[in-house]
>>> print(open('target34.cif').read())   # mmCIF, C-alpha atoms
data_structure
#
loop_
_atom_site.group_PDB
_atom_site.id
_atom_site.type_symbol
_atom_site.label_atom_id
_atom_site.label_comp_id
_atom_site.auth_asym_id
_atom_site.auth_seq_id
_atom_site.Cartn_x
_atom_site.Cartn_y
_atom_site.Cartn_z
ATOM 1 C CA MET A 1 -127.531 130.841 197.446
ATOM 2 C CA LYS A 2 -124.910 128.135 198.113
ATOM 3 C CA ILE A 3 -126.465 124.726 197.763
ATOM 4 C CA ALA A 4 -123.194 122.951 196.933
ATOM 5 C CA ALA A 5 -121.876 123.474 200.462
ATOM 6 C CA HIS A 6 -124.195 120.780 201.796
ATOM 7 C CA THR A 7 -123.979 118.235 199.010
ATOM 8 C CA ILE A 8 -122.098 114.955 199.281
ATOM 9 C CA SER A 9 -121.023 112.526 196.630
ATOM 10 C CA PHE A 10 -123.317 109.664 195.694
ATOM 11 C CA LYS A 11 -120.680 107.151 196.879
ATOM 12 C CA LYS A 12 -120.534 108.726 200.349
ATOM 13 C CA TRP A 13 -124.332 108.904 200.541
ATOM 14 C CA LEU A 14 -124.685 105.262 199.462
ATOM 15 C CA GLY A 15 -122.036 104.185 201.980
ATOM 16 C CA SER A 16 -123.776 106.076 204.785
ATOM 17 C CA PHE A 17 -127.177 104.728 203.760
ATOM 18 C CA CYS A 18 -125.893 101.121 203.712
ATOM 19 C CA GLY A 19 -124.259 101.651 207.092
ATOM 20 C CA VAL A 20 -127.512 102.905 208.607
ATOM 21 C CA VAL A 21 -129.472 100.005 207.084
ATOM 22 C CA ALA A 22 -126.924 97.506 208.423
ATOM 23 C CA LEU A 23 -127.014 99.090 211.882
ATOM 24 C CA CYS A 24 -130.816 99.095 211.975
ATOM 25 C CA SER A 25 -130.901 95.474 210.778
ATOM 26 C CA TRP A 26 -128.412 94.457 213.442
ATOM 27 C CA ILE A 27 -130.312 96.245 216.187
ATOM 28 C CA SER A 28 -133.572 94.637 215.096
ATOM 29 C CA GLY A 29 -131.981 91.196 215.030
ATOM 30 C CA CYS A 30 -132.323 90.667 211.288
ATOM 31 C CA VAL A 31 -128.581 90.392 210.765
ATOM 32 C CA THR A 32 -126.140 88.624 213.050
ATOM 33 C CA PRO A 33 -123.185 90.851 213.937
ATOM 34 C CA PRO A 34 -119.811 89.559 212.792
ATOM 35 C CA ALA A 35 -118.007 87.216 215.141
ATOM 36 C CA PRO A 36 -114.940 88.587 216.864
ATOM 37 C CA LYS A 37 -111.728 87.888 214.988
ATOM 38 C CA LEU A 38 -109.921 84.884 216.406
ATOM 39 C CA GLN A 39 -106.201 85.174 216.153
ATOM 40 C CA ARG A 40 -104.996 82.448 218.499
ATOM 41 C CA TRP A 41 -106.720 79.104 218.762
ATOM 42 C CA ALA A 42 -105.918 75.434 219.243
ATOM 43 C CA ALA A 43 -107.522 72.018 219.114
ATOM 44 C CA TYR A 44 -106.251 69.759 221.892
ATOM 45 C CA TYR A 45 -107.508 66.237 222.537
ATOM 46 C CA GLY A 46 -105.110 65.158 225.280
ATOM 47 C CA GLU A 47 -105.559 64.583 228.975
ATOM 48 C CA THR A 48 -103.476 67.361 230.532
ATOM 49 C CA SER A 49 -104.774 69.180 233.574
ATOM 50 C CA ASP A 50 -102.531 72.177 232.859
ATOM 51 C CA TRP A 51 -105.130 74.693 231.684
ATOM 52 C CA GLN A 52 -102.630 77.563 231.928
ATOM 53 C CA GLN A 53 -101.011 76.555 228.640
ATOM 54 C CA PHE A 54 -104.252 77.562 226.878
ATOM 55 C CA GLU A 55 -105.046 80.829 228.684
ATOM 56 C CA SER A 56 -103.420 83.066 226.050
ATOM 57 C CA LEU A 57 -105.715 81.724 223.312
ATOM 58 C CA ASP A 58 -108.940 83.204 221.963
ATOM 59 C CA LEU A 59 -110.529 79.786 221.380
ATOM 60 C CA VAL A 60 -109.712 76.188 222.220
ATOM 61 C CA VAL A 61 -111.365 72.921 221.206
ATOM 62 C CA PHE A 62 -111.159 70.045 223.698
ATOM 63 C CA ASP A 63 -112.313 66.457 223.642
ATOM 64 C CA ALA A 64 -115.651 66.360 225.433
ATOM 65 C CA ASP A 65 -114.583 63.397 227.592
ATOM 66 C CA LYS A 66 -111.009 64.297 228.553
ATOM 67 C CA HIS A 67 -109.815 67.849 228.967
ATOM 68 C CA PRO A 68 -108.322 70.313 231.427
ATOM 69 C CA PRO A 69 -110.592 72.436 233.628
ATOM 70 C CA ILE A 70 -112.809 74.711 231.536
ATOM 71 C CA ALA A 71 -113.947 77.329 234.089
ATOM 72 C CA PRO A 72 -110.552 79.053 234.581
ATOM 73 C CA LEU A 73 -110.205 79.495 230.834
ATOM 74 C CA LYS A 74 -113.713 80.891 230.433
ATOM 75 C CA GLU A 75 -113.034 83.306 233.316
ATOM 76 C CA ARG A 76 -110.130 84.634 231.260
ATOM 77 C CA GLY A 77 -112.301 85.127 228.180
ATOM 78 C CA VAL A 78 -111.260 82.016 226.250
ATOM 79 C CA LYS A 79 -114.062 80.437 224.179
ATOM 80 C CA VAL A 80 -114.069 76.695 224.881
ATOM 81 C CA LEU A 81 -115.674 74.281 222.426
ATOM 82 C CA ALA A 82 -116.176 70.529 222.690
ATOM 83 C CA TYR A 83 -115.163 68.267 219.836
ATOM 84 C CA LEU A 84 -118.252 66.436 218.549
ATOM 85 C CA SER A 85 -117.896 63.654 216.014
ATOM 86 C CA VAL A 86 -121.257 63.207 214.321
ATOM 87 C CA ALA A 87 -120.476 60.486 211.779
ATOM 88 C CA GLU A 88 -117.678 58.426 213.316
ATOM 89 C CA ILE A 89 -117.320 56.608 216.612
ATOM 90 C CA ALA A 90 -113.929 55.828 218.076
ATOM 91 C CA PRO A 91 -113.728 52.482 219.906
ATOM 92 C CA TYR A 92 -112.695 54.140 223.193
ATOM 93 C CA ARG A 93 -115.909 56.178 223.544
ATOM 94 C CA ASP A 94 -118.107 55.069 226.454
ATOM 95 C CA PHE A 95 -121.083 54.602 224.148
ATOM 96 C CA ALA A 96 -119.199 52.768 221.369
ATOM 97 C CA ALA A 97 -120.129 49.218 222.382
ATOM 98 C CA GLU A 98 -123.820 50.079 222.677
ATOM 99 C CA MET A 99 -124.060 52.070 219.441
ATOM 100 C CA LEU A 100 -121.835 50.022 217.160
ATOM 101 C CA HIS A 101 -124.083 46.990 217.591
ATOM 102 C CA LEU A 102 -127.161 48.666 216.128
ATOM 103 C CA PRO A 103 -128.349 46.925 212.944
ATOM 104 C CA ASP A 104 -127.189 48.566 209.694
ATOM 105 C CA PHE A 105 -125.489 51.321 211.678
ATOM 106 C CA VAL A 106 -121.815 50.981 210.762
ATOM 107 C CA ILE A 107 -121.303 51.858 207.101
ATOM 108 C CA GLY A 108 -117.512 51.886 206.919
ATOM 109 C CA HIS A 109 -114.196 52.168 208.697
ATOM 110 C CA GLN A 110 -111.890 55.175 208.931
ATOM 111 C CA GLU A 111 -108.404 53.641 208.853
ATOM 112 C CA ARG A 112 -106.489 56.760 209.870
ATOM 113 C CA TRP A 113 -108.333 57.156 213.195
ATOM 114 C CA ASN A 114 -109.453 53.559 213.636
ATOM 115 C CA SER A 115 -113.051 54.694 213.928
ATOM 116 C CA SER A 116 -116.332 53.375 212.599
ATOM 117 C CA ILE A 117 -118.235 55.489 210.093
ATOM 118 C CA VAL A 118 -121.896 55.490 211.062
ATOM 119 C CA ASP A 119 -125.154 56.102 209.238
ATOM 120 C CA ILE A 120 -126.249 59.603 210.233
ATOM 121 C CA ARG A 121 -129.775 58.816 209.053
ATOM 122 C CA ASN A 122 -130.190 56.481 212.029
ATOM 123 C CA SER A 123 -132.729 58.021 214.416
ATOM 124 C CA VAL A 124 -131.223 56.274 217.461
ATOM 125 C CA TRP A 125 -127.848 57.889 216.698
ATOM 126 C CA GLN A 126 -129.364 61.335 216.152
ATOM 127 C CA LYS A 127 -131.309 61.019 219.390
ATOM 128 C CA HIS A 128 -128.124 59.962 221.206
ATOM 129 C CA ILE A 129 -126.283 63.058 219.977
ATOM 130 C CA ILE A 130 -129.115 65.425 220.919
ATOM 131 C CA GLU A 131 -130.282 63.817 224.178
ATOM 132 C CA VAL A 132 -127.061 62.324 225.591
ATOM 133 C CA GLN A 133 -123.938 63.903 224.137
ATOM 134 C CA LEU A 134 -125.100 67.531 223.927
ATOM 135 C CA PRO A 135 -126.502 67.680 227.480
ATOM 136 C CA ALA A 136 -123.226 66.212 228.789
ATOM 137 C CA ILE A 137 -121.259 68.834 226.870
ATOM 138 C CA ILE A 138 -123.484 71.669 228.092
ATOM 139 C CA ALA A 139 -123.325 70.423 231.708
ATOM 140 C CA GLN A 140 -119.535 70.645 231.634
ATOM 141 C CA GLY A 141 -119.697 74.334 230.722
ATOM 142 C CA PHE A 142 -118.528 74.287 227.118
ATOM 143 C CA ASP A 143 -119.488 77.328 225.029
ATOM 144 C CA GLY A 144 -120.462 75.191 222.054
ATOM 145 C CA VAL A 145 -119.250 72.400 219.813
ATOM 146 C CA MET A 146 -116.918 71.912 216.887
ATOM 147 C CA ILE A 147 -118.653 69.434 214.627
ATOM 148 C CA ASP A 148 -116.415 66.968 212.838
ATOM 149 C CA THR A 149 -116.576 63.870 210.590
ATOM 150 C CA LEU A 150 -119.775 64.808 208.782
ATOM 151 C CA ASP A 151 -117.777 64.494 205.574
ATOM 152 C CA SER A 152 -117.223 60.769 206.219
ATOM 153 C CA ALA A 153 -120.935 59.971 206.020
ATOM 154 C CA LEU A 154 -121.490 62.311 203.085
ATOM 155 C CA MET A 155 -118.603 60.737 201.186
ATOM 156 C CA LYS A 156 -120.257 57.338 201.587
ATOM 157 C CA ALA A 157 -123.493 58.859 200.314
ATOM 158 C CA SER A 158 -121.754 60.328 197.267
ATOM 159 C CA GLN A 159 -120.184 56.941 196.497
ATOM 160 C CA ASN A 160 -123.516 55.140 196.665
ATOM 161 C CA PRO A 161 -126.349 57.708 196.403
ATOM 162 C CA ILE A 162 -129.118 55.158 196.007
ATOM 163 C CA HIS A 163 -128.187 53.116 199.088
ATOM 164 C CA PHE A 164 -127.544 56.222 201.217
ATOM 165 C CA SER A 165 -130.430 58.295 199.898
ATOM 166 C CA GLY A 166 -131.424 60.982 202.388
ATOM 167 C CA ALA A 167 -127.985 61.324 203.997
ATOM 168 C CA GLU A 168 -127.675 64.969 202.970
ATOM 169 C CA SER A 169 -131.050 65.928 204.412
ATOM 170 C CA ALA A 170 -130.252 63.922 207.573
ATOM 171 C CA ALA A 171 -127.017 65.916 207.895
ATOM 172 C CA VAL A 172 -128.858 69.222 207.554
ATOM 173 C CA SER A 173 -131.481 68.114 210.066
ATOM 174 C CA LEU A 174 -128.847 66.935 212.541
ATOM 175 C CA ILE A 175 -126.902 70.219 212.352
ATOM 176 C CA HIS A 176 -130.145 72.168 212.769
ATOM 177 C CA ASN A 177 -131.123 70.092 215.823
ATOM 178 C CA ILE A 178 -127.680 70.506 217.371
ATOM 179 C CA ARG A 179 -127.897 74.257 216.937
ATOM 180 C CA GLN A 180 -131.427 74.383 218.370
ATOM 181 C CA ASN A 181 -130.331 72.445 221.444
ATOM 182 C CA LEU A 182 -127.283 74.542 222.304
ATOM 183 C CA PRO A 183 -127.802 77.436 224.687
ATOM 184 C CA ASN A 184 -127.140 80.921 223.318
ATOM 185 C CA SER A 185 -127.459 79.814 219.713
ATOM 186 C CA SER A 186 -129.670 81.533 217.227
#
>>> encode(input="target34.cif", output="structure tokens")
Amino acid sequence: MKIAAHTISFKKWLGSFCGVVALCSWISGCVTPPAPKLQRWAAYYGETSDWQQFESLDLVVFDADKHPPIAPLKERGVKVLAYLSVAEIAPYRDFAAEMLHLPDFVIGHQERWNSSIVDIRNSVWQKHIIEVQLPAIIAQGFDGVMIDTLDSALMKASQNPIHFSGAESAAVSLIHNIRQNLPNSS
């Protein structure tokens, strides 16, 4: 009787078992499959209308307010994200004048970009991101957002934790709400 002919090493068995568990978890939705590897990407915040210069990329990040046409890139399989600043407002943004005048809203200045650092705990600001900025981004056909500047608000909180108490939880809540309000996010 030859039993050894059908035996496999423990390492091979464990590898196969883990593979089956991972596959079953993925199929059942318990585990998110890995994202495709991005080899070519760019962040571009200019006003060109020449979308062809981006068509060889896997992913591109554009300014939500000024960018080349998105549809031709998406038709060619390029993922297109909108830049979303969540803790700074540049003076040229359409909503800057309205938002920057809120009481206790501006908490600092970012010299390098000449932008105002804002208090992410402010409910009016969070509502503006979720109910104004995100719908505008989605309506333009972007695949999602690249969130930026969160570190500016959190740095202020780390410098003065008593005055900016709750900034970390506000950041987590804001990111969660952004994710919940984007189509095709899980």
>>> residues_around(input="target34.cif", residues="Gln39 (chain A)", least_positions_apart="5", cutoff="9 Å", atoms="all atoms listed in the file", output="list in words")
Leu57, Asp58 and Leu59 of chain A
>>> resolve_selection(input="target34.cif", expression="the PyMOL selection byres ((chain A and resi 107) around 8)", output="number ranges by chain")
A: 104-106, 108-109, 116-119, 156
>>> closest_residue(input="target34.cif", among="A:Pro183, A:Gly166, A:Pro103, A:Gly144", to="Val61 (chain A)", atoms="all atoms listed in the file")
A:Gly144
>>> residues_around(input="target34.cif", residues="Ile147 (chain A)", least_positions_apart="2", cutoff="10 Å", atoms="only C-alpha atoms", output="PyMOL selection string")
chain A and resi 81-87+144-145+149-150+175+178
>>> closest_residue(input="target34.cif", among="A:Val80, A:Leu100, A:Ala153, A:Leu38", to="Phe54 (chain A)", atoms="all atoms listed in the file")
A:Val80
>>> closest_residue(input="target34.cif", among="A:Met155, A:Ile70, A:Ala170, A:Ala136", to="Gln110 (chain A)", atoms="all atoms listed in the file")
A:Met155
>>> closest_residue(input="target34.cif", among="A:Ile137, A:Ala90, A:Ala43, A:Ile120", to="Val172 (chain A)", atoms="only C-alpha atoms")
A:Ile120
>>> axis_aligned_box(input="target34.cif", around="region 47-55 of chain A", padding_each_side="3 Å", output="AutoDock Vina command-line options")
--center_x -103.3 --center_y 72.7 --center_z 230.2 --size_x 10.5 --size_y 22.2 --size_z 12.7
>>> residues_near_point(input="target34.cif", point="(-131.1, 73.1, 219.1)", cutoff="12 Å", atoms="all atoms listed in the file", output="CSV table (one decimal) with C-alpha atoms, in the frame of the given file")
chain,number,residue,atom,x,y,z
A,129,ILE,CA,-126.3,63.1,220.0
A,130,ILE,CA,-129.1,65.4,220.9
A,131,GLU,CA,-130.3,63.8,224.2
A,134,LEU,CA,-125.1,67.5,223.9
A,135,PRO,CA,-126.5,67.7,227.5
A,138,ILE,CA,-123.5,71.7,228.1
A,144,GLY,CA,-120.5,75.2,222.1
A,145,VAL,CA,-119.2,72.4,219.8
A,173,SER,CA,-131.5,68.1,210.1
A,174,LEU,CA,-128.8,66.9,212.5
A,175,ILE,CA,-126.9,70.2,212.4
A,176,HIS,CA,-130.1,72.2,212.8
A,177,ASN,CA,-131.1,70.1,215.8
A,178,ILE,CA,-127.7,70.5,217.4
A,179,ARG,CA,-127.9,74.3,216.9
A,180,GLN,CA,-131.4,74.4,218.4
A,181,ASN,CA,-130.3,72.4,221.4
A,182,LEU,CA,-127.3,74.5,222.3
A,183,PRO,CA,-127.8,77.4,224.7
A,184,ASN,CA,-127.1,80.9,223.3
A,185,SER,CA,-127.5,79.8,219.7
A,186,SER,CA,-129.7,81.5,217.2
>>> decode(input="target34.cif", residues="region 157-172 of chain A", atoms="N, CA, C and O atoms", output="tab-separated table (two decimals), in the first residue's frame")
chain	number	residue	atom	x	y	z
A	157	ALA	N	-3.31	70.77	15.63
A	157	ALA	CA	-3.85	70.06	16.80
A	157	ALA	C	-2.73	69.50	17.67
A	157	ALA	O	-2.83	69.51	18.90
A	158	SER	N	-1.67	69.01	17.04
A	158	SER	CA	-0.56	68.46	17.84
A	158	SER	C	0.21	69.57	18.55
A	158	SER	O	0.77	69.35	19.62
A	159	GLN	N	0.21	70.77	17.98
A	159	GLN	CA	0.90	71.90	18.60
A	159	GLN	C	0.11	72.47	19.78
A	159	GLN	O	0.69	73.04	20.70
A	160	ASN	N	-1.20	72.35	19.72
A	160	ASN	CA	-2.04	72.88	20.79
A	160	ASN	C	-3.22	71.92	21.02
A	160	ASN	O	-4.35	72.20	20.63
A	161	PRO	N	-2.95	70.76	21.63
A	161	PRO	CA	-3.99	69.72	21.76
A	161	PRO	C	-5.21	70.13	22.57
A	161	PRO	O	-6.30	69.64	22.32
A	162	ILE	N	-5.04	71.02	23.51
A	162	ILE	CA	-6.19	71.43	24.32
A	162	ILE	C	-7.13	72.31	23.48
A	162	ILE	O	-8.34	72.09	23.43
A	163	HIS	N	-6.56	73.29	22.79
A	163	HIS	CA	-7.38	74.21	21.98
A	163	HIS	C	-8.04	73.49	20.80
A	163	HIS	O	-9.17	73.81	20.43
A	164	PHE	N	-7.33	72.52	20.21
A	164	PHE	CA	-7.86	71.82	19.04
A	164	PHE	C	-8.31	70.41	19.37
A	164	PHE	O	-8.26	69.51	18.54
A	165	SER	N	-8.78	70.21	20.59
A	165	SER	CA	-9.28	68.91	21.02
A	165	SER	C	-10.39	68.44	20.08
A	165	SER	O	-11.28	69.20	19.73
A	166	GLY	N	-10.30	67.19	19.68
A	166	GLY	CA	-11.33	66.62	18.80
A	166	GLY	C	-10.97	66.70	17.33
A	166	GLY	O	-11.72	66.21	16.48
A	167	ALA	N	-9.82	67.29	16.99
A	167	ALA	CA	-9.45	67.41	15.58
A	167	ALA	C	-9.21	66.04	14.95
A	167	ALA	O	-9.61	65.81	13.80
A	168	GLU	N	-8.59	65.14	15.69
A	168	GLU	CA	-8.32	63.80	15.15
A	168	GLU	C	-9.62	63.06	14.85
A	168	GLU	O	-9.77	62.47	13.79
A	169	SER	N	-10.56	63.10	15.78
A	169	SER	CA	-11.82	62.40	15.54
A	169	SER	C	-12.62	63.08	14.43
A	169	SER	O	-13.32	62.42	13.67
A	170	ALA	N	-12.50	64.41	14.31
A	170	ALA	CA	-13.16	65.12	13.21
A	170	ALA	C	-12.56	64.70	11.87
A	170	ALA	O	-13.28	64.53	10.88
A	171	ALA	N	-11.24	64.48	11.85
A	171	ALA	CA	-10.57	64.03	10.62
A	171	ALA	C	-11.06	62.64	10.22
A	171	ALA	O	-11.39	62.41	9.05
A	172	VAL	N	-11.14	61.75	11.18
A	172	VAL	CA	-11.62	60.39	10.91
A	172	VAL	C	-13.06	60.43	10.40
A	172	VAL	O	-13.41	59.78	9.41
